[in-house]
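*Asks:* What follows is final06.tsv, made up of TSV, C-alpha atoms:
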chain	number	residue	atom	x	y	z
A	1437	MET	CA	49.23	-94.46	-200.25
A	1438	SER	CA	46.47	-96.96	-200.73
A	1439	LEU	CA	47.78	-97.78	-204.18
A	1440	LYS	CA	51.19	-98.51	-202.78
A	1441	PHE	CA	49.66	-100.71	-200.17
A	1442	ASN	CA	47.70	-102.59	-202.78
A	1443	THR	CA	50.65	-103.36	-205.03
A	1444	LYS	CA	52.60	-104.52	-202.05
A	1445	ARG	CA	49.78	-106.68	-200.91
A	1446	MET	CA	49.28	-108.15	-204.35
A	1447	ALA	CA	52.96	-108.92	-204.71
A	1448	LEU	CA	52.86	-110.62	-201.37
A	1449	MET	CA	49.76	-112.58	-202.21
A	1450	ALA	CA	51.31	-113.68	-205.49
A	1451	TRP	CA	54.35	-114.77	-203.61
A	1452	VAL	CA	52.35	-116.60	-200.99
A	1453	GLY	CA	50.31	-118.23	-203.72
A	1454	ALA	CA	53.43	-119.37	-205.54
A	1455	ILE	CA	54.73	-120.81	-202.32
A	1456	ALA	CA	51.48	-122.56	-201.54
A	1457	MET	CA	51.47	-124.23	-204.94
A	1458	SER	CA	54.99	-125.51	-204.73
A	1459	PRO	CA	56.05	-128.01	-202.11
A	1460	LEU	CA	58.97	-125.71	-201.36
A	1461	ASN	CA	57.31	-124.20	-198.33
A	1462	ALA	CA	60.09	-124.85	-195.88
A	1463	ASN	CA	60.42	-123.39	-192.45
A	1464	ALA	CA	63.42	-121.45	-191.55
A	1465	MET	CA	64.61	-123.56	-188.73
A	1466	HIS	CA	67.49	-125.69	-187.73
A	1467	ILE	CA	68.50	-128.59	-189.90
A	1468	MET	CA	66.65	-131.72	-188.82
A	1469	GLU	CA	68.20	-134.90	-187.49
A	1470	GLY	CA	69.69	-137.01	-190.26
A	1471	PHE	CA	69.13	-134.38	-192.92
A	1472	LEU	CA	72.76	-133.76	-193.64
A	1473	PRO	CA	74.75	-136.58	-195.26
A	1474	PRO	CA	77.28	-138.07	-192.79
A	1475	THR	CA	80.28	-136.39	-194.44
A	1476	TRP	CA	78.76	-132.95	-194.10
A	1477	ALA	CA	77.48	-133.60	-190.59
A	1478	LEU	CA	80.98	-134.65	-189.52
A	1479	THR	CA	82.66	-131.74	-191.25
A	1480	TRP	CA	80.46	-129.23	-189.43
A	1481	TRP	CA	80.99	-131.03	-186.13
A	1482	ALA	CA	84.75	-130.90	-186.69
A	1483	LEU	CA	84.51	-127.16	-187.27
A	1484	PHE	CA	82.19	-126.56	-184.33
A	1485	ILE	CA	84.12	-128.46	-181.64
A	1486	PRO	CA	87.18	-126.13	-181.55
A	1487	PHE	CA	84.81	-123.19	-181.08
A	1488	VAL	CA	83.10	-124.94	-178.17
A	1489	ILE	CA	86.47	-125.58	-176.53
A	1490	MET	CA	87.57	-121.97	-177.02
A	1491	SER	CA	84.20	-120.82	-175.77
A	1492	VAL	CA	84.52	-122.86	-172.56
A	1493	ARG	CA	87.93	-121.28	-171.95
A	1494	ASN	CA	86.54	-117.85	-172.69
A	1495	LEU	CA	83.68	-118.37	-170.22
A	1496	LYS	CA	86.07	-119.57	-167.52
A	1497	GLN	CA	88.24	-116.52	-168.08
A	1498	ILE	CA	85.28	-114.17	-167.82
A	1499	VAL	CA	84.10	-115.75	-164.58
A	1500	THR	CA	87.59	-115.79	-163.00
A	1501	ASP	CA	88.09	-112.14	-163.91
A	1502	ASP	CA	84.83	-111.09	-162.36
A	1503	ALA	CA	82.55	-113.58	-160.61
A	1504	ASN	CA	79.68	-111.10	-160.80
A	1505	LYS	CA	79.56	-111.68	-164.53
A	1506	LYS	CA	77.97	-115.08	-163.90
A	1507	VAL	CA	74.64	-113.37	-163.48
A	1508	LEU	CA	74.82	-111.65	-166.84
A	1509	LEU	CA	76.02	-114.82	-168.52
A	1510	ALA	CA	73.07	-116.73	-167.08
A	1511	LEU	CA	70.79	-114.01	-168.35
A	1512	CYS	CA	72.25	-114.20	-171.86
A	1513	GLY	CA	71.88	-117.98	-171.88
A	1514	ALA	CA	68.30	-117.72	-170.64
A	1515	PHE	CA	67.50	-115.15	-173.32
A	1516	ILE	CA	68.70	-117.55	-176.04
A	1517	PHE	CA	66.68	-120.31	-174.40
A	1518	VAL	CA	63.46	-118.30	-174.36
A	1519	LEU	CA	63.78	-116.88	-177.84
A	1520	SER	CA	64.53	-120.19	-179.48
A	1521	ALA	CA	61.33	-121.54	-177.95
A	1522	LEU	CA	59.22	-118.80	-179.53
A	1523	LYS	CA	57.93	-120.04	-182.83
A	1524	LEU	CA	56.46	-116.98	-184.46
A	1525	PRO	CA	54.20	-116.75	-187.49
A	1526	SER	CA	55.72	-115.12	-190.52
A	1527	VAL	CA	54.34	-113.37	-193.60
A	1528	THR	CA	54.99	-116.50	-195.65
A	1529	GLY	CA	52.33	-118.40	-193.75
A	1530	SER	CA	54.74	-120.59	-191.88
A	1531	CYS	CA	56.49	-120.32	-188.56
A	1532	SER	CA	60.05	-119.86	-187.48
A	1533	HIS	CA	61.87	-118.86	-184.34
A	1534	PRO	CA	64.49	-116.26	-183.42
A	1535	THR	CA	67.91	-117.18	-182.11
A	1536	GLY	CA	68.42	-114.71	-179.25
A	1537	VAL	CA	72.19	-114.61	-179.62
A	1538	GLY	CA	72.40	-110.83	-180.10
A	1539	LEU	CA	72.34	-109.98	-176.40
A	1540	ALA	CA	75.26	-112.26	-175.57
A	1541	VAL	CA	77.25	-110.86	-178.49
A	1542	ILE	CA	76.71	-107.31	-177.30
A	1543	LEU	CA	77.59	-107.99	-173.67
A	1544	PHE	CA	80.42	-110.51	-174.05
A	1545	GLY	CA	81.48	-110.76	-177.69
A	1546	PHE	CA	80.78	-113.74	-179.91
A	1547	MET	CA	83.04	-116.26	-178.18
A	1548	VAL	CA	80.59	-116.98	-175.36
A	1549	VAL	CA	77.85	-118.03	-177.75
A	1550	PRO	CA	79.14	-121.45	-178.88
A	1551	VAL	CA	78.47	-122.76	-175.36
A	1552	LEU	CA	75.34	-120.73	-174.54
A	1553	GLY	CA	73.72	-121.40	-177.92
A	1554	GLY	CA	74.96	-124.97	-177.89
A	1555	ILE	CA	72.99	-125.62	-174.70
A	1556	ALA	CA	69.75	-124.45	-176.29
A	1557	LEU	CA	70.45	-126.50	-179.43
A	1558	LEU	CA	71.22	-129.59	-177.37
A	1559	PHE	CA	68.04	-129.26	-175.32
A	1560	GLN	CA	65.93	-128.98	-178.45
A	1561	ALA	CA	67.75	-131.78	-180.25
A	1562	LEU	CA	67.50	-134.22	-177.35
A	1563	LEU	CA	64.04	-133.54	-176.00
A	1564	LEU	CA	62.09	-131.89	-178.78
A	1565	ALA	CA	63.37	-133.67	-181.88
A	1566	HIS	CA	63.97	-130.16	-183.16
A	1567	GLY	CA	67.30	-129.94	-184.94
A	1568	GLY	CA	69.37	-133.01	-184.17
A	1569	ILE	CA	72.52	-134.48	-182.72
A	1570	SER	CA	74.00	-135.34	-186.10
A	1571	THR	CA	73.25	-131.84	-187.37
A	1572	LEU	CA	74.21	-130.06	-184.14
A	1573	GLY	CA	77.63	-129.23	-185.56
A	1574	ALA	CA	76.09	-127.51	-188.58
A	1575	ASN	CA	73.40	-125.77	-186.55
A	1576	GLY	CA	75.98	-124.74	-183.97
A	1577	MET	CA	78.19	-123.24	-186.65
A	1578	SER	CA	75.31	-121.21	-188.09
A	1579	MET	CA	73.55	-120.10	-184.91
A	1580	ALA	CA	76.34	-120.07	-182.34
A	1581	VAL	CA	79.44	-119.19	-184.38
A	1582	ILE	CA	78.97	-117.50	-187.74
A	1583	GLY	CA	75.76	-115.59	-187.00
A	1584	PRO	CA	77.15	-114.15	-183.74
A	1585	MET	CA	80.47	-113.39	-185.42
A	1586	ILE	CA	78.80	-111.30	-188.11
A	1587	GLY	CA	76.62	-109.70	-185.42
A	1588	TYR	CA	79.75	-108.77	-183.52
A	1589	PHE	CA	81.25	-107.05	-186.56
A	1590	VAL	CA	78.04	-105.07	-186.87
A	1591	TRP	CA	78.33	-104.07	-183.19
A	1592	VAL	CA	81.90	-102.88	-183.66
A	1593	ALA	CA	81.03	-101.00	-186.83
A	1594	ALA	CA	77.94	-99.43	-185.26
A	1595	ASN	CA	79.99	-98.20	-182.32
A	1596	ARG	CA	82.67	-96.77	-184.59
A	1597	LEU	CA	79.94	-94.92	-186.44
A	1598	ASN	CA	78.57	-93.69	-183.11
A	1599	LEU	CA	75.11	-94.98	-183.87
A	1600	ARG	CA	72.47	-94.62	-181.18
A	1601	LYS	CA	72.81	-97.53	-178.75
A	1602	ASP	CA	69.30	-98.87	-179.28
A	1603	ILE	CA	69.69	-98.84	-183.05
A	1604	ALA	CA	73.04	-100.58	-182.78
A	1605	VAL	CA	71.52	-103.25	-180.52
A	1606	PHE	CA	68.67	-103.77	-182.95
A	1607	LEU	CA	71.04	-104.13	-185.90
A	1608	VAL	CA	73.24	-106.65	-184.13
A	1609	ALA	CA	70.33	-108.91	-183.20
A	1610	PHE	CA	68.71	-108.54	-186.62
A	1611	VAL	CA	71.87	-109.28	-188.59
A	1612	ALA	CA	72.91	-112.18	-186.36
A	1613	ASP	CA	69.48	-113.76	-186.84
A	1614	ILE	CA	69.39	-113.31	-190.61
A	1615	SER	CA	72.94	-114.52	-191.09
A	1616	THR	CA	72.23	-117.62	-189.03
A	1617	TYR	CA	69.59	-118.68	-191.50
A	1618	ALA	CA	71.66	-117.54	-194.47
A	1619	VAL	CA	74.32	-119.95	-193.28
A	1620	THR	CA	71.70	-122.67	-192.83
A	1621	SER	CA	70.71	-122.20	-196.48
A	1622	LEU	CA	74.32	-122.37	-197.58
A	1623	GLN	CA	74.82	-125.55	-195.57
A	1624	LEU	CA	71.75	-127.19	-197.08
A	1625	GLY	CA	72.61	-125.95	-200.56
A	1626	ALA	CA	76.12	-127.34	-200.32
A	1627	ALA	CA	74.86	-130.70	-199.10
A	1628	PHE	CA	72.01	-130.91	-201.61
A	1629	PRO	CA	73.12	-129.36	-204.87
A	1630	ASP	CA	70.43	-128.89	-207.48
A	1631	PRO	CA	70.68	-131.85	-209.89
A	1632	GLU	CA	70.51	-129.56	-212.91
A	1633	PHE	CA	72.00	-126.26	-211.88
A	1634	GLY	CA	74.42	-127.20	-209.13
A	1635	VAL	CA	75.32	-125.90	-205.72
A	1636	MET	CA	74.77	-122.19	-206.28
A	1637	ALA	CA	71.26	-122.66	-207.63
A	1638	SER	CA	70.34	-124.87	-204.73
A	1639	MET	CA	71.79	-122.41	-202.22
A	1640	SER	CA	69.82	-119.50	-203.62
A	1641	LYS	CA	66.70	-121.65	-203.67
A	1642	PHE	CA	67.05	-122.43	-199.97
A	1643	MET	CA	68.03	-118.84	-199.28
A	1644	GLY	CA	65.00	-117.37	-201.07
A	1645	ILE	CA	62.68	-119.40	-198.90
A	1646	PHE	CA	64.50	-119.20	-195.60
A	1647	LEU	CA	65.32	-115.52	-195.61
A	1648	PHE	CA	61.86	-114.30	-196.52
A	1649	THR	CA	60.26	-116.22	-193.68
A	1650	GLN	CA	62.95	-115.07	-191.32
A	1651	LEU	CA	62.74	-111.36	-192.10
A	1652	PRO	CA	59.86	-110.35	-189.76
A	1653	ILE	CA	61.15	-112.78	-187.14
A	1654	ALA	CA	64.56	-111.13	-187.21
A	1655	ILE	CA	62.89	-107.73	-186.79
A	1656	ALA	CA	60.98	-109.09	-183.80
A	1657	GLU	CA	64.21	-110.44	-182.39
A	1658	GLY	CA	65.84	-107.04	-182.80
A	1659	LEU	CA	63.01	-105.33	-180.93
A	1660	LEU	CA	63.04	-107.89	-178.12
A	1661	THR	CA	66.78	-107.47	-177.71
A	1662	VAL	CA	66.41	-103.68	-177.49
A	1663	LEU	CA	63.72	-104.16	-174.82
A	1664	ILE	CA	65.88	-106.33	-172.61
A	1665	TYR	CA	68.97	-104.23	-173.23
A	1666	GLU	CA	67.19	-101.12	-172.00
A	1667	GLN	CA	66.00	-102.96	-168.89
A	1668	LEU	CA	69.57	-104.00	-168.15
A	1669	THR	CA	70.87	-100.46	-168.61
A	1670	LYS	CA	68.13	-99.13	-166.38
A	1671	ARG	CA	69.21	-101.45	-163.58
A	1672	SER	CA	72.87	-100.53	-164.15
A	1673	LEU	CA	73.60	-104.14	-164.99
A	1674	ILE	CA	75.60	-102.89	-167.92
A	1675	SER	CA	78.17	-100.34	-166.91
A	1676	PHE	CA	78.84	-97.39	-169.14
A	1677	GLN	CA	82.39	-98.51	-169.82
A	1678	GLU	CA	81.34	-101.84	-171.20
A	1679	ARG	CA	78.94	-100.23	-173.54
A	1680	VAL	CA	81.65	-98.05	-174.97
A	1681	LEU	CA	84.33	-100.70	-175.18
A	1682	ARG	CA	82.44	-103.53	-176.75
B	904	MET	CA	58.42	-96.24	-170.55
B	905	LYS	CA	56.70	-94.84	-173.58
B	906	LYS	CA	59.42	-96.27	-175.75
B	907	ASN	CA	58.87	-99.70	-174.21
B	908	LEU	CA	55.20	-99.52	-175.03
B	909	ILE	CA	55.93	-98.60	-178.62
B	910	LEU	CA	58.40	-101.45	-178.93
B	911	MET	CA	55.87	-103.89	-177.51
B	912	ALA	CA	53.15	-102.64	-179.81
B	913	MET	CA	55.46	-103.16	-182.78
B	914	LEU	CA	56.19	-106.69	-181.58
B	915	CYS	CA	52.52	-107.50	-181.30
B	916	ALA	CA	51.92	-106.13	-184.79
B	917	LEU	CA	54.72	-108.30	-186.15
B	918	VAL	CA	52.99	-111.37	-184.79
B	919	VAL	CA	49.43	-110.43	-185.68
B	920	VAL	CA	49.93	-109.03	-189.19
B	921	PRO	CA	51.15	-112.32	-190.71
B	922	LEU	CA	48.10	-114.04	-189.22
B	923	LEU	CA	45.73	-111.51	-190.75
B	924	MET	CA	47.54	-111.50	-194.07
B	925	ASN	CA	47.26	-115.22	-194.66
B	926	PRO	CA	44.05	-116.32	-192.98
B	927	SER	CA	44.11	-119.66	-194.75
B	928	ALA	CA	47.78	-120.50	-194.29
B	929	GLU	CA	48.75	-123.45	-192.17
B	930	PHE	CA	51.45	-121.86	-190.04
B	931	SER	CA	52.71	-125.32	-189.50
B	932	GLY	CA	55.99	-124.90	-187.76
B	933	SER	CA	57.69	-127.83	-188.85
B	934	ASP	CA	60.39	-129.85	-190.13
B	935	GLY	CA	58.08	-131.83	-192.38
B	936	GLN	CA	58.05	-128.98	-194.85
B	937	ALA	CA	61.80	-128.57	-194.92
B	938	GLU	CA	61.95	-132.27	-195.57
B	939	SER	CA	59.87	-131.95	-198.70
B	940	LEU	CA	62.20	-129.25	-199.97
B	941	ILE	CA	65.13	-131.61	-199.63
B	942	THR	CA	63.25	-134.54	-201.12
B	943	GLN	CA	62.54	-132.37	-204.12
B	944	VAL	CA	66.16	-131.42	-204.70
B	945	ALA	CA	67.51	-134.84	-203.79
B	946	PRO	CA	64.71	-137.39	-204.30
B	947	ASN	CA	66.87	-140.34	-203.29
B	948	TYR	CA	68.07	-138.94	-200.00
B	949	LYS	CA	67.17	-140.95	-196.93
B	950	PRO	CA	67.80	-139.54	-193.46
B	951	TRP	CA	70.42	-141.82	-191.98
B	952	ILE	CA	69.55	-141.27	-188.35
B	953	GLU	CA	66.31	-140.69	-186.49
B	954	PRO	CA	65.82	-138.46	-183.45
B	955	LEU	CA	66.40	-140.45	-180.26
B	956	ILE	CA	63.29	-139.24	-178.53
B	957	GLU	CA	60.37	-137.70	-180.30
B	958	PRO	CA	57.67	-135.89	-178.33
B	959	ALA	CA	54.72	-138.27	-178.16
B	960	SER	CA	52.30	-135.69	-179.60
B	961	GLY	CA	51.87	-132.06	-180.52
B	962	GLU	CA	50.66	-131.42	-176.99
B	963	ILE	CA	53.73	-132.94	-175.41
B	964	GLU	CA	55.89	-130.96	-177.79
B	965	SER	CA	54.22	-127.70	-176.80
B	966	LEU	CA	54.60	-128.72	-173.16
B	967	LEU	CA	58.34	-129.01	-173.65
B	968	PHE	CA	58.54	-125.77	-175.58
B	969	THR	CA	56.60	-124.01	-172.84
B	970	LEU	CA	58.94	-125.51	-170.29
B	971	GLN	CA	61.92	-124.23	-172.24
B	972	GLY	CA	60.42	-120.76	-172.49
B	973	SER	CA	59.32	-120.52	-168.89
B	974	LEU	CA	62.59	-121.79	-167.48
B	975	GLY	CA	64.43	-119.12	-169.43
B	976	ALA	CA	61.91	-116.45	-168.49
B	977	ALA	CA	62.21	-117.44	-164.82
B	978	VAL	CA	65.95	-116.82	-164.89
B	979	ILE	CA	65.63	-113.54	-166.77
B	980	PHE	CA	62.98	-112.04	-164.53
B	981	TYR	CA	64.60	-113.29	-161.34
B	982	ILE	CA	67.75	-111.42	-162.31
B	983	LEU	CA	65.90	-108.30	-163.43
B	984	GLY	CA	63.86	-108.30	-160.22
B	985	PHE	CA	66.88	-108.91	-158.04
B	986	TYR	CA	68.71	-105.92	-159.46
B	987	HIS	CA	65.61	-103.80	-159.41
B	988	GLY	CA	65.33	-104.48	-155.69
B	989	ARG	CA	69.01	-103.97	-155.05
B	990	ARG	CA	69.04	-100.63	-156.79
B	991	ARG	CA	66.12	-99.48	-154.70
B	992	THR	CA	67.85	-100.55	-151.47
B	993	ASP	CA	71.03	-98.80	-152.56
B	994	ALA	CA	69.08	-95.63	-153.21
B	995	ASP	CA	67.47	-95.84	-149.76
B	996	HIS	CA	70.80	-96.14	-148.00
B	997	ARG	CA	72.43	-93.31	-149.82
Can the structure in the file be given as structure tokens, please?

*Replies:*
Amino acid sequence: MSLKFNTKRMALMAWVGAIAMSPLNANAMHIMEGFLPPTWALTWWALFIPFVIMSVRNLKQIVTDDANKKVLLALCGAFIFVLSALKLPSVTGSCSHPTGVGLAVILFGFMVVPVLGGIALLFQALLLAHGGISTLGANGMSMAVIGPMIGYFVWVAANRLNLRKDIAVFLVAFVADISTYAVTSLQLGAAFPDPEFGVMASMSKFMGIFLFTQLPIAIAEGLLTVLIYEQLTKRSLISFQERVLR
Amino acid sequence: MKKNLILMAMLCALVVVPLLMNPSAEFSGSDGQAESLITQVAPNYKPWIEPLIEPASGEIESLLFTLQGSLGAAVIFYILGFYHGRRRTDADHR
């Protein structure tokens, strides 16, 4: 037992040491203002905008169908807002924050997230100089479209497999978080190919750094989402039917 | 209830363990480090646009982050409390 712990610890320390020596100690966070070349920034915006439009329609539809859903939507938005403000320390010695999109995906599917996540991204880009307006399209695609989409597939699969609800909720939030930052690495890798080894090398470089930092944060996000999900079930805010259908 | 406590304990551990593991690490949360990664891969890249408003200092930044967190938390706990109360009233009337 103690031996196992020691090897693990040593491996970690070696890793941390390697990171400390290289200037590659990046934080897994949104892409900063101006840090995507204009072509890429525009491309991601062009991809993101249709999703925002569809998302607005989707939200309208949900609210017209059942006005009571407004409350849950507000809660999902607020959850994203809170979680993206929580910069947590990670094993790599740097900080990163969760995305909080899992809850919305579970309750409403992934098409509500482009708007709800977009609001959080916009707030941080405008007031906090965190992320940016030029990179909002790219960050929106990773955090509010692709991450939630993958999370939603996990939710569907977990329900088909009849997994316990809390485990399913955890997995959705965890996977959505990790895939968000996987996409961020892909976006950065595509925009900044390694001069010697090309796009793939650069992508895996970004990925290696981003994902390792994000791992404990994604676990924390999963646990937080389970906590709030259980509170909602307890207050019958989520009806049994919804839980089965979604 | 017990499950909640376990979940919360796990969350606390997730935050504390990294701090204990790397006592000398910076835990700097910021974009400066991601910048250096990009400057290494693409030394000639210059950001072509600057953030419109930048928080005047670290303190102001944490003020805004706290604001963001507390606004969200206010909404969440208002809703949770509201339904908690409503369920209790429903139970009383039944």

*Asks:* Just need the residues of chain A within 8 Å of chain B, counting all atoms listed in the file, so spit them out as a ChimeraX atom specification.

*Replies:* /A:1459-1463,1465,1468-1474,1507,1510-1511,1513-1515,1517-1519,1521-1532,1561-1566,1568-1570,1628-1631,1638,1652-1653,1656,1659-1660,1663,1667-1668,1671,1673

*Asks:* Could you work out how far atom CA of Pro1584 of chain A lies from atom CA of Glu1666 of chain A, giving the answer in Å with one decimal?

*Replies:*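 Here the two named atoms are 20.2 Å from each other.
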
*Asks:* Using all atoms listed in the file, determine which residues lie at most 8 Å from Ile1614 of chain A, disregarding the query and same-chain residues fewer than 5 positions distant; provide the list as a list in words.

*Replies:*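 Using all atoms listed in the file, the neighbours found are Gly1583, Leu1647, Gln1650, Leu1651 and Ala1654 of chain A.
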
*Asks:* One decimal, in Å: what's the spacing between atom CA of Ile1582 of chain A and atom CA of Thr1616 of chain A?

*Replies:* 6.9 Å

*Asks:* In Å, with one decimal, what is the gap from atom CA of Glu1657 of chain A to atom CA of Gly1536 of chain A?

*Replies:* 6.8 Å

*Asks:* Find the residue from A:Ser1672, A:Ile1467, A:Met1585, A:Val1488 that sits nearest to Phe1646 of chain A; use all atoms listed in the file when measuring.

*Replies:*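 Among the listed residues, the smallest separation from Phe1646 of chain A belongs to A:Ile1467.
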
*Asks:* Pull C-alpha atoms for segment 1626-1664 of chain A from the block and write them as a compact mmCIF listing (two decimals), in the first residue's frame.

*Replies:*
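Output (part_31.txt):
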# COMPACT_ATOMS: atom_id res chain seq x y z
CA ALA A 1626 -5.12 23.73 -34.86
CA ALA A 1627 -4.42 27.45 -34.62
CA PHE A 1628 -0.83 27.05 -33.43
CA PRO A 1629 0.69 24.02 -35.12
CA ASP A 1630 4.07 22.94 -33.83
CA PRO A 1631 6.68 24.40 -36.21
CA GLU A 1632 8.49 21.08 -36.46
CA PHE A 1633 5.92 18.37 -35.95
CA GLY A 1634 2.71 19.98 -37.13
CA VAL A 1635 -0.84 20.21 -35.92
CA MET A 1636 -1.16 16.81 -34.26
CA ALA A 1637 1.94 17.27 -32.15
CA SER A 1638 0.79 20.67 -31.03
CA MET A 1639 -2.68 19.38 -30.20
CA SER A 1640 -1.34 16.57 -28.05
CA LYS A 1641 1.01 19.01 -26.35
CA PHE A 1642 -1.87 21.28 -25.37
CA MET A 1643 -3.97 18.27 -24.48
CA GLY A 1644 -1.34 16.75 -22.19
CA ILE A 1645 -1.20 19.92 -20.16
CA PHE A 1646 -4.85 20.89 -20.18
CA LEU A 1647 -6.35 17.51 -19.42
CA PHE A 1648 -4.09 16.68 -16.50
CA THR A 1649 -4.92 19.93 -14.74
CA GLN A 1650 -8.57 19.48 -15.50
CA LEU A 1651 -8.91 15.93 -14.20
CA PRO A 1652 -9.48 16.62 -10.46
CA ILE A 1653 -11.54 19.68 -11.36
CA ALA A 1654 -13.81 17.58 -13.54
CA ILE A 1655 -14.22 15.10 -10.67
CA ALA A 1656 -15.15 17.99 -8.37
CA GLU A 1657 -17.62 19.20 -10.94
CA GLY A 1658 -19.17 15.74 -11.12
CA LEU A 1659 -19.59 15.60 -7.35
CA LEU A 1660 -21.09 19.09 -7.19
CA THR A 1661 -23.56 18.22 -9.91
CA VAL A 1662 -24.63 15.08 -8.04
CA LEU A 1663 -25.13 17.19 -4.89
CA ILE A 1664 -27.42 19.68 -6.57
